[in-house]
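Enquirer: My questions will all concern the structure given below.
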Amino acid sequence: MRFDDTEVVALLGALSEAKGPSGFEDEVLDVVRRFCTGWARVEENTLRDGLITLGSFTGEKPVLMLDAHGDEVGGMVRAIRSNGTMSFVELGGFSPNVLAGQDVWVRATDGSWVRGVIGVKPPHFWSEAERASGKAPLVLDVGATSREDAVGRFHMGMGEPFVPATSFSFDARTGVALGKAFDCRAGVCAMLLTLRELSGKGDLPFDVVASVSAQEEVGERGVAAAVRHFSPSVAFMFEGCPADDTFSAPDEVQAALRQGPMLRYFDRCMITNPRYQRFVLQVAAEAGLPAQTSVRVGGGTDGGPTHLLDVPCVVAGVPCRHVHAGTAICALEDVKATAELAVTVARRLTPEVVAGF
């Protein structure tokens, strides 16, 4: 199968630039709805899960559910101070020290987005204790000069979200994309490509559905509601997984750019069903598709809540460098390879195979 690079880049870019921290995934769902127009129905629940049903859905077959989370790490205004700056909490966890000086978009109470910065005290003013610890307080700053100014002129408010103000870019010569939220918008991109590829395949023994699940970054919260909605027999999960090829010793690298999707055996929330994992890797080998594997000592995915609901699942991660920071890097070929593997697996799954998981 062939995916059009121009279309894939446009989809990945739209998903990346959508402002959707945990609990505020509305813009992501707007992109999903536009892409699915004409061949799938997109509903949503109160968690902001996007629930996608193909036009070919029969209601008479067992269900294969695809999943990728739509949220990104971000933050929320905690309080507006008398000098116009704001304290905040993180929605999900940024890597240590990356927020200082990060430019951000902050949602105003009227729904618009205001440019701001995560301000840090200049080194000229650090105390001896701050110099010794290497840490100084951070504030959210949009340029207001008082609490009244922040509320009246800038329309700031408690509980409003913010995200990094990173612009998406793609270099056709190198095949490399830069942007925010590739965890997991790269996975959402691969999942949507997969879903459309399967949409015209009425001969599949499964009804194929999908969830763009909410609030993964704050504890994999949304996917359980999606699983209860669809009652799948089996699931295939997508991720934008952290690449480790820039920091790990060569013999320890388990998720490298340009090596295809990463299938994890283990992380903090799931021991992957070994029979399903073996099936997927065998399919990849027989089809000549790239795949890499990992045993993770940290991190978690939507596979955690899903497998606890007795739904066998695997997680295919698009390798992305520098996730949980303001800007990440991924290779377009890995997005397409992940979709191709998912399509191939879906075509080879049968109820009898799933019963053996």
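Ordered as shown in the structure tokens, chains take letters A, B, and onward, while each chain numbers its residues from 1 and ligands are numbered from 1 in the order shown.
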Find the residues around Arg34 in chain A up to 12 Å (only C-alpha atoms counted), leave out those fewer than 6 positions away in its own chain, and share them as an NGL selection string.

Expert: :A and (11 or 14-15 or 27-28 or 40-42 or 192)

Enquirer: Take the residues from that selection and put them in a file with all heavy atoms, as a compact mmCIF listing (two decimals), in the first residue's frame.

Expert:
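Output below, filename result20.txt:
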# COMPACT_ATOMS: atom_id res chain seq x y z
N LEU A 11 -1.78 16.09 7.42
CA LEU A 11 -2.53 15.54 8.55
C LEU A 11 -1.69 15.61 9.83
O LEU A 11 -2.19 16.06 10.88
CB LEU A 11 -2.93 14.10 8.27
CG LEU A 11 -3.66 13.36 9.39
CD1 LEU A 11 -4.93 14.07 9.80
CD2 LEU A 11 -3.93 11.90 8.98
N ALA A 14 -1.48 19.26 11.00
CA ALA A 14 -2.72 19.76 11.61
C ALA A 14 -2.91 19.18 13.01
O ALA A 14 -3.33 19.88 13.94
CB ALA A 14 -3.91 19.41 10.72
N LEU A 15 -2.59 17.91 13.17
CA LEU A 15 -2.71 17.29 14.49
C LEU A 15 -1.70 17.88 15.46
O LEU A 15 -2.02 18.12 16.63
CB LEU A 15 -2.50 15.78 14.36
CG LEU A 15 -3.63 14.99 13.68
CD1 LEU A 15 -3.15 13.60 13.32
CD2 LEU A 15 -4.86 14.91 14.59
N GLU A 27 -9.77 20.72 19.86
CA GLU A 27 -9.19 21.03 18.55
C GLU A 27 -8.69 19.79 17.83
O GLU A 27 -8.73 19.69 16.60
CB GLU A 27 -8.05 22.05 18.70
CG GLU A 27 -8.51 23.45 19.06
CD GLU A 27 -7.41 24.48 18.93
OE1 GLU A 27 -6.35 24.17 18.33
OE2 GLU A 27 -7.59 25.60 19.43
N VAL A 28 -8.20 18.82 18.59
CA VAL A 28 -7.75 17.56 17.99
C VAL A 28 -8.93 16.85 17.35
O VAL A 28 -8.84 16.34 16.22
CB VAL A 28 -7.10 16.66 19.06
CG1 VAL A 28 -6.58 15.38 18.42
CG2 VAL A 28 -5.97 17.39 19.76
N ALA A 40 -16.64 7.90 7.85
CA ALA A 40 -16.76 7.45 9.24
C ALA A 40 -17.53 8.49 10.05
O ALA A 40 -17.55 9.68 9.70
CB ALA A 40 -15.38 7.21 9.86
N ARG A 41 -18.15 8.03 11.12
CA ARG A 41 -18.87 8.91 12.04
C ARG A 41 -18.03 9.11 13.29
O ARG A 41 -17.50 8.15 13.85
CB ARG A 41 -20.22 8.29 12.41
CG ARG A 41 -21.08 9.17 13.33
CD ARG A 41 -22.45 8.58 13.61
NE ARG A 41 -22.39 7.43 14.52
CZ ARG A 41 -22.52 6.18 14.17
NH1 ARG A 41 -22.72 5.86 12.90
NH2 ARG A 41 -22.47 5.20 15.06
N VAL A 42 -17.89 10.36 13.73
CA VAL A 42 -17.11 10.68 14.92
C VAL A 42 -18.05 11.25 15.98
O VAL A 42 -18.69 12.29 15.76
CB VAL A 42 -15.99 11.69 14.62
CG1 VAL A 42 -15.17 11.97 15.88
CG2 VAL A 42 -15.09 11.17 13.49
N LEU A 192 -5.36 7.06 11.93
CA LEU A 192 -6.35 7.54 10.97
C LEU A 192 -6.06 7.01 9.57
O LEU A 192 -6.99 6.66 8.82
CB LEU A 192 -6.38 9.06 10.97
CG LEU A 192 -6.94 9.72 12.24
CD1 LEU A 192 -6.79 11.24 12.16
CD2 LEU A 192 -8.40 9.34 12.47

Enquirer: As a list in words, which residues of range 5-36 of chain A does DSSP assign to alpha helix (DSSP H)?

Expert: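 Here are the alpha helix (DSSP H) residues of range 5-36 of chain A: Asp5, Thr6, Glu7, Val8, Val9, Ala10, Leu11, Leu12, Gly13, Ala14, Leu15, Ser16, Glu17, Asp26, Glu27, Val28, Leu29, Asp30, Val31, Val32, Arg33, Arg34, Phe35 and Cys36 of chain A.
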
Enquirer: Just N, CA and C atoms for this one: save the residues we selected as a PDB file, in the first residue's frame.

Expert:
ATOM      1  N   ASP A   5       2.543  11.240   0.576  1.00  0.00           N
ATOM      2  CA  ASP A   5       3.346  11.989   1.540  1.00  0.00           C
ATOM      3  C   ASP A   5       2.764  13.375   1.819  1.00  0.00           C
ATOM      4  N   THR A   6       2.282  14.036   0.791  1.00  0.00           N
ATOM      5  CA  THR A   6       1.738  15.379   0.981  1.00  0.00           C
ATOM      6  C   THR A   6       0.549  15.346   1.936  1.00  0.00           C
ATOM      7  N   GLU A   7      -0.310  14.350   1.763  1.00  0.00           N
ATOM      8  CA  GLU A   7      -1.476  14.234   2.638  1.00  0.00           C
ATOM      9  C   GLU A   7      -1.069  13.866   4.062  1.00  0.00           C
ATOM     10  N   VAL A   8      -0.117  12.945   4.190  1.00  0.00           N
ATOM     11  CA  VAL A   8       0.323  12.529   5.522  1.00  0.00           C
ATOM     12  C   VAL A   8       0.948  13.697   6.267  1.00  0.00           C
ATOM     13  N   VAL A   9       1.774  14.484   5.587  1.00  0.00           N
ATOM     14  CA  VAL A   9       2.400  15.643   6.217  1.00  0.00           C
ATOM     15  C   VAL A   9       1.341  16.648   6.651  1.00  0.00           C
ATOM     16  N   ALA A  10       0.357  16.896   5.787  1.00  0.00           N
ATOM     17  CA  ALA A  10      -0.702  17.849   6.137  1.00  0.00           C
ATOM     18  C   ALA A  10      -1.486  17.376   7.355  1.00  0.00           C
ATOM     19  N   LEU A  11      -1.781  16.087   7.422  1.00  0.00           N
ATOM     20  CA  LEU A  11      -2.525  15.539   8.553  1.00  0.00           C
ATOM     21  C   LEU A  11      -1.694  15.610   9.829  1.00  0.00           C
ATOM     22  N   LEU A  12      -0.431  15.188   9.744  1.00  0.00           N
ATOM     23  CA  LEU A  12       0.443  15.240  10.922  1.00  0.00           C
ATOM     24  C   LEU A  12       0.608  16.671  11.405  1.00  0.00           C
ATOM     25  N   GLY A  13       0.769  17.600  10.487  1.00  0.00           N
ATOM     26  CA  GLY A  13       0.930  18.997  10.863  1.00  0.00           C
ATOM     27  C   GLY A  13      -0.304  19.565  11.536  1.00  0.00           C
ATOM     28  N   ALA A  14      -1.479  19.259  11.005  1.00  0.00           N
ATOM     29  CA  ALA A  14      -2.718  19.757  11.610  1.00  0.00           C
ATOM     30  C   ALA A  14      -2.907  19.184  13.008  1.00  0.00           C
ATOM     31  N   LEU A  15      -2.591  17.911  13.170  1.00  0.00           N
ATOM     32  CA  LEU A  15      -2.711  17.287  14.486  1.00  0.00           C
ATOM     33  C   LEU A  15      -1.702  17.878  15.464  1.00  0.00           C
ATOM     34  N   SER A  16      -0.475  18.100  14.993  1.00  0.00           N
ATOM     35  CA  SER A  16       0.559  18.639  15.865  1.00  0.00           C
ATOM     36  C   SER A  16       0.202  20.040  16.352  1.00  0.00           C
ATOM     37  N   GLU A  17      -0.320  20.869  15.477  1.00  0.00           N
ATOM     38  CA  GLU A  17      -0.587  22.254  15.839  1.00  0.00           C
ATOM     39  C   GLU A  17      -1.905  22.436  16.587  1.00  0.00           C
ATOM     40  N   ASP A  26     -10.503  19.342  22.311  1.00  0.00           N
ATOM     41  CA  ASP A  26     -11.491  19.726  21.305  1.00  0.00           C
ATOM     42  C   ASP A  26     -10.892  19.984  19.924  1.00  0.00           C
ATOM     43  N   GLU A  27      -9.773  20.718  19.855  1.00  0.00           N
ATOM     44  CA  GLU A  27      -9.190  21.034  18.550  1.00  0.00           C
ATOM     45  C   GLU A  27      -8.692  19.785  17.834  1.00  0.00           C
ATOM     46  N   VAL A  28      -8.203  18.819  18.592  1.00  0.00           N
ATOM     47  CA  VAL A  28      -7.753  17.562  17.994  1.00  0.00           C
ATOM     48  C   VAL A  28      -8.932  16.854  17.349  1.00  0.00           C
ATOM     49  N   LEU A  29     -10.054  16.817  18.040  1.00  0.00           N
ATOM     50  CA  LEU A  29     -11.242  16.154  17.501  1.00  0.00           C
ATOM     51  C   LEU A  29     -11.765  16.875  16.268  1.00  0.00           C
ATOM     52  N   ASP A  30     -11.582  18.176  16.190  1.00  0.00           N
ATOM     53  CA  ASP A  30     -11.966  18.908  14.981  1.00  0.00           C
ATOM     54  C   ASP A  30     -11.171  18.412  13.771  1.00  0.00           C
ATOM     55  N   VAL A  31      -9.859  18.206  13.962  1.00  0.00           N
ATOM     56  CA  VAL A  31      -9.020  17.688  12.876  1.00  0.00           C
ATOM     57  C   VAL A  31      -9.466  16.279  12.494  1.00  0.00           C
ATOM     58  N   VAL A  32      -9.764  15.466  13.492  1.00  0.00           N
ATOM     59  CA  VAL A  32     -10.197  14.085  13.240  1.00  0.00           C
ATOM     60  C   VAL A  32     -11.502  14.073  12.456  1.00  0.00           C
ATOM     61  N   ARG A  33     -12.452  14.906  12.835  1.00  0.00           N
ATOM     62  CA  ARG A  33     -13.742  14.952  12.134  1.00  0.00           C
ATOM     63  C   ARG A  33     -13.552  15.325  10.662  1.00  0.00           C
ATOM     64  N   ARG A  34     -12.719  16.319  10.420  1.00  0.00           N
ATOM     65  CA  ARG A  34     -12.496  16.729   9.029  1.00  0.00           C
ATOM     66  C   ARG A  34     -11.911  15.598   8.208  1.00  0.00           C
ATOM     67  N   PHE A  35     -10.958  14.880   8.785  1.00  0.00           N
ATOM     68  CA  PHE A  35     -10.319  13.794   8.041  1.00  0.00           C
ATOM     69  C   PHE A  35     -11.300  12.659   7.780  1.00  0.00           C
ATOM     70  N   CYS A  36     -12.206  12.407   8.695  1.00  0.00           N
ATOM     71  CA  CYS A  36     -13.120  11.259   8.584  1.00  0.00           C
ATOM     72  C   CYS A  36     -14.387  11.564   7.791  1.00  0.00           C
TER      73      CYS A  36
END

Enquirer: Quick one: residues within 10 Å of Gly92 in chain A, only C-alpha atoms counted, chain neighbours fewer than 4 positions away excluded, as a ChimeraX atom specification?

Expert: /A:21-22,71-75,215-219,324

Enquirer: Would you save the residues of that selection, restricted to all heavy atoms, as an mmCIF file, in the first residue's frame?

Expert:
data_model
loop_
_atom_site.group_PDB
_atom_site.id
_atom_site.type_symbol
_atom_site.label_atom_id
_atom_site.label_comp_id
_atom_site.auth_asym_id
_atom_site.auth_seq_id
_atom_site.Cartn_x
_atom_site.Cartn_y
_atom_site.Cartn_z
ATOM 1 N N PRO A 21 -4.218 19.931 25.345
ATOM 2 C CA PRO A 21 -3.719 19.269 26.555
ATOM 3 C C PRO A 21 -4.807 18.416 27.186
ATOM 4 O O PRO A 21 -5.985 18.510 26.813
ATOM 5 C CB PRO A 21 -3.327 20.451 27.452
ATOM 6 C CG PRO A 21 -4.243 21.559 27.025
ATOM 7 C CD PRO A 21 -4.418 21.377 25.541
ATOM 8 N N SER A 22 -4.436 17.603 28.129
ATOM 9 C CA SER A 22 -5.373 16.666 28.757
ATOM 10 C C SER A 22 -6.612 17.394 29.271
ATOM 11 O O SER A 22 -6.510 18.375 30.010
ATOM 12 C CB SER A 22 -4.681 15.950 29.920
ATOM 13 O OG SER A 22 -3.519 15.275 29.480
ATOM 14 N N ASP A 71 -4.506 13.679 23.578
ATOM 15 C CA ASP A 71 -4.023 14.775 24.410
ATOM 16 C C ASP A 71 -2.507 14.915 24.345
ATOM 17 O O ASP A 71 -1.805 14.032 23.830
ATOM 18 C CB ASP A 71 -4.485 14.610 25.858
ATOM 19 C CG ASP A 71 -3.966 13.330 26.504
ATOM 20 O OD1 ASP A 71 -3.933 12.295 25.822
ATOM 21 O OD2 ASP A 71 -3.603 13.354 27.696
ATOM 22 N N GLU A 72 -2.019 16.012 24.862
ATOM 23 C CA GLU A 72 -0.584 16.297 24.928
ATOM 24 C C GLU A 72 -0.264 16.844 26.311
ATOM 25 O O GLU A 72 -1.155 17.288 27.046
ATOM 26 C CB GLU A 72 -0.199 17.337 23.879
ATOM 27 C CG GLU A 72 -0.896 18.684 24.073
ATOM 28 C CD GLU A 72 -0.591 19.691 22.974
ATOM 29 O OE1 GLU A 72 0.572 20.130 22.894
ATOM 30 O OE2 GLU A 72 -1.520 20.041 22.217
ATOM 31 N N VAL A 73 1.002 16.828 26.673
ATOM 32 C CA VAL A 73 1.398 17.455 27.931
ATOM 33 C C VAL A 73 1.222 18.969 27.800
ATOM 34 O O VAL A 73 1.488 19.559 26.755
ATOM 35 C CB VAL A 73 2.847 17.108 28.328
ATOM 36 C CG1 VAL A 73 2.965 15.645 28.688
ATOM 37 C CG2 VAL A 73 3.835 17.471 27.232
ATOM 38 N N GLY A 74 0.746 19.576 28.863
ATOM 39 C CA GLY A 74 0.517 21.008 28.864
ATOM 40 C C GLY A 74 0.442 21.497 30.295
ATOM 41 O O GLY A 74 1.079 20.926 31.191
ATOM 42 N N GLY A 75 -0.351 22.526 30.522
ATOM 43 C CA GLY A 75 -0.477 23.050 31.869
ATOM 44 C C GLY A 75 -1.790 23.776 32.049
ATOM 45 O O GLY A 75 -2.592 23.926 31.124
ATOM 46 N N GLN A 215 -7.021 12.336 27.886
ATOM 47 C CA GLN A 215 -6.417 12.363 29.214
ATOM 48 C C GLN A 215 -5.456 11.200 29.493
ATOM 49 O O GLN A 215 -5.308 10.763 30.626
ATOM 50 C CB GLN A 215 -7.509 12.420 30.284
ATOM 51 C CG GLN A 215 -8.408 13.633 30.150
ATOM 52 C CD GLN A 215 -9.356 13.814 31.304
ATOM 53 O OE1 GLN A 215 -9.010 13.558 32.456
ATOM 54 N NE2 GLN A 215 -10.554 14.276 31.012
ATOM 55 N N GLU A 216 -4.756 10.748 28.461
ATOM 56 C CA GLU A 216 -3.756 9.704 28.677
ATOM 57 C C GLU A 216 -2.592 10.199 29.511
ATOM 58 O O GLU A 216 -2.047 9.468 30.342
ATOM 59 C CB GLU A 216 -3.260 9.176 27.325
ATOM 60 C CG GLU A 216 -2.406 7.911 27.410
ATOM 61 C CD GLU A 216 -0.898 8.182 27.559
ATOM 62 O OE1 GLU A 216 -0.491 9.376 27.475
ATOM 63 O OE2 GLU A 216 -0.141 7.224 27.754
ATOM 64 N N GLU A 217 -2.215 11.457 29.313
ATOM 65 C CA GLU A 217 -1.022 11.985 29.970
ATOM 66 C C GLU A 217 -1.207 12.195 31.471
ATOM 67 O O GLU A 217 -0.241 12.448 32.181
ATOM 68 C CB GLU A 217 -0.581 13.294 29.317
ATOM 69 C CG GLU A 217 -0.131 13.166 27.865
ATOM 70 C CD GLU A 217 1.154 12.367 27.690
ATOM 71 O OE1 GLU A 217 1.728 11.916 28.709
ATOM 72 O OE2 GLU A 217 1.583 12.200 26.540
ATOM 73 N N VAL A 218 -2.429 12.111 31.952
ATOM 74 C CA VAL A 218 -2.680 12.263 33.383
ATOM 75 C C VAL A 218 -3.176 10.958 34.004
ATOM 76 O O VAL A 218 -3.850 10.955 35.024
ATOM 77 C CB VAL A 218 -3.686 13.406 33.662
ATOM 78 C CG1 VAL A 218 -3.053 14.747 33.355
ATOM 79 C CG2 VAL A 218 -4.967 13.235 32.853
ATOM 80 N N GLY A 219 -2.811 9.822 33.371
ATOM 81 C CA GLY A 219 -3.138 8.540 33.971
ATOM 82 C C GLY A 219 -4.000 7.639 33.126
ATOM 83 O O GLY A 219 -4.781 6.834 33.679
ATOM 84 N N HIS A 324 7.623 14.980 25.484
ATOM 85 C CA HIS A 324 7.431 15.647 26.780
ATOM 86 C C HIS A 324 8.326 16.876 26.897
ATOM 87 O O HIS A 324 8.783 17.234 27.989
ATOM 88 C CB HIS A 324 7.632 14.681 27.948
ATOM 89 C CG HIS A 324 6.500 13.713 28.104
ATOM 90 N ND1 HIS A 324 5.848 13.513 29.304
ATOM 91 C CD2 HIS A 324 5.884 12.905 27.206
ATOM 92 C CE1 HIS A 324 4.894 12.613 29.130
ATOM 93 N NE2 HIS A 324 4.907 12.232 27.860
#

Enquirer: Return the single residue from A:Ala18, A:Val354, A:Leu54, A:Ala256 that is closest to Gln277 in chain A, with distances computed using only C-alpha atoms.

Expert: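 Going through A:Ala18, A:Val354, A:Leu54, A:Ala256 one by one, the smallest distance to Gln277 in chain A is for A:Val354.
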
Enquirer: Please, which residues of range 180-253 of chain A, numbered as in this document, come out strand (DSSP E) from DSSP, as a PyMOL selection string?

Expert: chain A and resi 207-213+234-242

Enquirer: Within 10 Å of Ala337 in chain A, counting only C-alpha atoms, which residues qualify if same-chain residues fewer than 2 places away don't, as a list of chain:residue names?

Expert: A:Phe3, A:Ala190, A:Arg258, A:Gln259, A:Gly260, A:Pro261, A:Leu289, A:Pro290, A:Ala291, A:Val318, A:Leu332, A:Glu333, A:Asp334, A:Val335, A:Ala339, A:Glu340, A:Leu341, A:Ala342, A:Val343

Enquirer: Pick the closest to Gly84 in chain A from A:Leu51, A:Ala136, A:Val142, A:Val98: which is it, counting only C-alpha atoms?

Expert: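 Closest to Gly84 in chain A, using only C-alpha atoms: A:Val142.
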
Enquirer: Show which residues sit within 9 Å of Gly304 in chain A, as a list in words. Count only C-alpha atoms, and ignore same-chain residues fewer than 3 positions away.

Expert: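 Contacts, with the query itself left out: Glu220, Asp267, Arg268, Cys269, Met270, Ile271, Gly300, Thr301, His307 and Leu308 of chain A.
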
Enquirer: Convert the current residue selection to file output with all heavy atoms, as a PDB file, in the first residue's frame.

Expert:
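Saved the output as part.pdb:
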ATOM      1  N   GLU A 220      -3.902   7.743  31.795  1.00  0.00           N
ATOM      2  CA  GLU A 220      -4.634   6.846  30.893  1.00  0.00           C
ATOM      3  C   GLU A 220      -6.120   6.774  31.255  1.00  0.00           C
ATOM      4  O   GLU A 220      -6.716   5.712  31.378  1.00  0.00           O
ATOM      5  CB  GLU A 220      -4.031   5.431  30.904  1.00  0.00           C
ATOM      6  CG  GLU A 220      -2.594   5.352  30.430  1.00  0.00           C
ATOM      7  CD  GLU A 220      -1.581   5.485  31.561  1.00  0.00           C
ATOM      8  OE1 GLU A 220      -1.897   5.047  32.688  1.00  0.00           O
ATOM      9  OE2 GLU A 220      -0.495   6.037  31.344  1.00  0.00           O
ATOM     10  N   ASP A 267       5.933  -2.450  30.170  1.00  0.00           N
ATOM     11  CA  ASP A 267       6.175  -1.131  30.744  1.00  0.00           C
ATOM     12  C   ASP A 267       5.542  -1.112  32.124  1.00  0.00           C
ATOM     13  O   ASP A 267       5.136  -2.155  32.639  1.00  0.00           O
ATOM     14  CB  ASP A 267       5.664   0.001  29.824  1.00  0.00           C
ATOM     15  CG  ASP A 267       4.168  -0.066  29.552  1.00  0.00           C
ATOM     16  OD1 ASP A 267       3.420  -0.647  30.375  1.00  0.00           O
ATOM     17  OD2 ASP A 267       3.736   0.472  28.529  1.00  0.00           O
ATOM     18  N   ARG A 268       5.416   0.060  32.737  1.00  0.00           N
ATOM     19  CA  ARG A 268       4.962   0.101  34.122  1.00  0.00           C
ATOM     20  C   ARG A 268       3.489  -0.257  34.279  1.00  0.00           C
ATOM     21  O   ARG A 268       3.023  -0.501  35.398  1.00  0.00           O
ATOM     22  CB  ARG A 268       5.193   1.484  34.721  1.00  0.00           C
ATOM     23  CG  ARG A 268       4.391   2.588  34.075  1.00  0.00           C
ATOM     24  CD  ARG A 268       4.454   3.885  34.858  1.00  0.00           C
ATOM     25  NE  ARG A 268       3.748   4.969  34.201  1.00  0.00           N
ATOM     26  CZ  ARG A 268       2.435   5.135  34.218  1.00  0.00           C
ATOM     27  NH1 ARG A 268       1.664   4.269  34.869  1.00  0.00           N
ATOM     28  NH2 ARG A 268       1.870   6.156  33.588  1.00  0.00           N
ATOM     29  N   CYS A 269       2.730  -0.291  33.161  1.00  0.00           N
ATOM     30  CA  CYS A 269       1.294  -0.558  33.299  1.00  0.00           C
ATOM     31  C   CYS A 269       0.831  -1.828  32.604  1.00  0.00           C
ATOM     32  O   CYS A 269      -0.337  -2.209  32.746  1.00  0.00           O
ATOM     33  CB  CYS A 269       0.479   0.628  32.795  1.00  0.00           C
ATOM     34  SG  CYS A 269       0.496   0.848  31.012  1.00  0.00           S
ATOM     35  N   MET A 270       1.699  -2.513  31.872  1.00  0.00           N
ATOM     36  CA  MET A 270       1.228  -3.687  31.138  1.00  0.00           C
ATOM     37  C   MET A 270       2.371  -4.637  30.793  1.00  0.00           C
ATOM     38  O   MET A 270       3.437  -4.196  30.366  1.00  0.00           O
ATOM     39  CB  MET A 270       0.525  -3.270  29.833  1.00  0.00           C
ATOM     40  CG  MET A 270      -0.065  -4.442  29.050  1.00  0.00           C
ATOM     41  SD  MET A 270      -0.992  -3.943  27.573  1.00  0.00           S
ATOM     42  CE  MET A 270       0.331  -3.472  26.458  1.00  0.00           C
ATOM     43  N   ILE A 271       2.138  -5.915  30.994  1.00  0.00           N
ATOM     44  CA  ILE A 271       2.931  -6.966  30.358  1.00  0.00           C
ATOM     45  C   ILE A 271       2.137  -7.367  29.126  1.00  0.00           C
ATOM     46  O   ILE A 271       1.035  -7.911  29.227  1.00  0.00           O
ATOM     47  CB  ILE A 271       3.137  -8.172  31.291  1.00  0.00           C
ATOM     48  CG1 ILE A 271       3.858  -7.738  32.572  1.00  0.00           C
ATOM     49  CG2 ILE A 271       3.911  -9.278  30.576  1.00  0.00           C
ATOM     50  CD1 ILE A 271       3.922  -8.821  33.637  1.00  0.00           C
ATOM     51  N   GLY A 300       3.946   4.433  30.381  1.00  0.00           N
ATOM     52  CA  GLY A 300       2.731   3.635  30.290  1.00  0.00           C
ATOM     53  C   GLY A 300       1.913   4.099  29.107  1.00  0.00           C
ATOM     54  O   GLY A 300       2.144   5.178  28.549  1.00  0.00           O
ATOM     55  N   THR A 301       0.947   3.303  28.712  1.00  0.00           N
ATOM     56  CA  THR A 301       0.133   3.613  27.541  1.00  0.00           C
ATOM     57  C   THR A 301      -1.325   3.258  27.814  1.00  0.00           C
ATOM     58  O   THR A 301      -1.673   2.721  28.869  1.00  0.00           O
ATOM     59  CB  THR A 301       0.598   2.804  26.315  1.00  0.00           C
ATOM     60  OG1 THR A 301       0.225   1.423  26.490  1.00  0.00           O
ATOM     61  CG2 THR A 301       2.104   2.904  26.102  1.00  0.00           C
ATOM     62  N   HIS A 307      -6.045  -3.691  28.751  1.00  0.00           N
ATOM     63  CA  HIS A 307      -5.834  -5.109  29.029  1.00  0.00           C
ATOM     64  C   HIS A 307      -6.434  -5.509  30.376  1.00  0.00           C
ATOM     65  O   HIS A 307      -6.794  -6.670  30.576  1.00  0.00           O
ATOM     66  CB  HIS A 307      -4.341  -5.475  28.928  1.00  0.00           C
ATOM     67  CG  HIS A 307      -3.553  -5.296  30.176  1.00  0.00           C
ATOM     68  ND1 HIS A 307      -3.264  -4.059  30.723  1.00  0.00           N
ATOM     69  CD2 HIS A 307      -2.955  -6.200  30.997  1.00  0.00           C
ATOM     70  CE1 HIS A 307      -2.529  -4.215  31.813  1.00  0.00           C
ATOM     71  NE2 HIS A 307      -2.333  -5.508  32.010  1.00  0.00           N
ATOM     72  N   LEU A 308      -6.598  -4.543  31.301  1.00  0.00           N
ATOM     73  CA  LEU A 308      -7.245  -4.850  32.577  1.00  0.00           C
ATOM     74  C   LEU A 308      -8.747  -5.074  32.412  1.00  0.00           C
ATOM     75  O   LEU A 308      -9.394  -5.646  33.300  1.00  0.00           O
ATOM     76  CB  LEU A 308      -6.992  -3.724  33.576  1.00  0.00           C
ATOM     77  CG  LEU A 308      -5.547  -3.582  34.058  1.00  0.00           C
ATOM     78  CD1 LEU A 308      -5.422  -2.395  35.011  1.00  0.00           C
ATOM     79  CD2 LEU A 308      -5.058  -4.863  34.736  1.00  0.00           C
TER      80      LEU A 308
END

Enquirer: I'd like to know which of A:Ala249, A:Val120, A:Val106, A:Leu309 is closest to Ser231 in chain A, using only C-alpha atoms.

Expert: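 Going through A:Ala249, A:Val120, A:Val106, A:Leu309 one by one, the smallest distance to Ser231 in chain A is for A:Leu309.
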
Enquirer: So that I can check the surroundings of His155 in chain A, please list as a PDB file with N, CA, C and O atoms, in the first residue's frame every protein, DNA and RNA residue that reaches within 7 Å of it, counting only C-alpha atoms and ignoring chain neighbours fewer than 6 positions away.

Expert:
ATOM      1  N   ALA A 108      -7.572  32.020  26.754  1.00  0.00           N
ATOM      2  CA  ALA A 108      -8.264  33.061  27.503  1.00  0.00           C
ATOM      3  C   ALA A 108      -9.687  32.614  27.819  1.00  0.00           C
ATOM      4  O   ALA A 108     -10.206  31.656  27.236  1.00  0.00           O
ATOM      5  N   THR A 109     -10.324  33.338  28.729  1.00  0.00           N
ATOM      6  CA  THR A 109     -11.677  32.969  29.135  1.00  0.00           C
ATOM      7  C   THR A 109     -12.700  33.168  28.023  1.00  0.00           C
ATOM      8  O   THR A 109     -13.804  32.611  28.087  1.00  0.00           O
ATOM      9  N   ASP A 110     -12.357  33.950  26.991  1.00  0.00           N
ATOM     10  CA  ASP A 110     -13.268  34.113  25.851  1.00  0.00           C
ATOM     11  C   ASP A 110     -13.019  33.085  24.757  1.00  0.00           C
ATOM     12  O   ASP A 110     -13.621  33.152  23.683  1.00  0.00           O
TER      13      ASP A 110
END

Enquirer: Can you list, as a CSV table (one decimal) with C-alpha atoms, in the first residue's frame, every protein, DNA or RNA residue that comes within 12 Å of Arg296 in chain A when you count only C-alpha atoms, leaving out same-chain residues fewer than 2 positions away?

Expert:
chain,number,residue,atom,x,y,z
A,241,CYS,CA,6.8,6.6,21.9
A,242,PRO,CA,10.0,8.2,23.2
A,243,ALA,CA,13.0,7.3,20.9
A,244,ASP,CA,16.1,6.4,22.9
A,252,GLU,CA,20.5,-0.7,24.6
A,253,VAL,CA,18.7,1.2,21.9
A,254,GLN,CA,15.1,-0.1,21.5
A,255,ALA,CA,13.3,2.7,19.7
A,262,MET,CA,8.2,-0.1,18.3
A,263,LEU,CA,6.3,-3.0,19.9
A,264,ARG,CA,6.8,-3.1,23.7
A,265,TYR,CA,6.8,-6.3,25.7
A,266,PHE,CA,6.6,-4.5,29.1
A,267,ASP,CA,6.2,-1.1,30.7
A,268,ARG,CA,5.0,0.1,34.1
A,269,CYS,CA,1.3,-0.6,33.3
A,270,MET,CA,1.2,-3.7,31.1
A,271,ILE,CA,2.9,-7.0,30.4
A,272,THR,CA,1.9,-7.3,26.7
A,293,THR,CA,10.8,-4.2,20.2
A,294,SER,CA,11.4,-3.0,23.7
A,298,GLY,CA,9.1,3.4,32.8
A,299,GLY,CA,6.2,5.0,31.0
A,300,GLY,CA,2.7,3.6,30.3
A,301,THR,CA,0.1,3.6,27.5
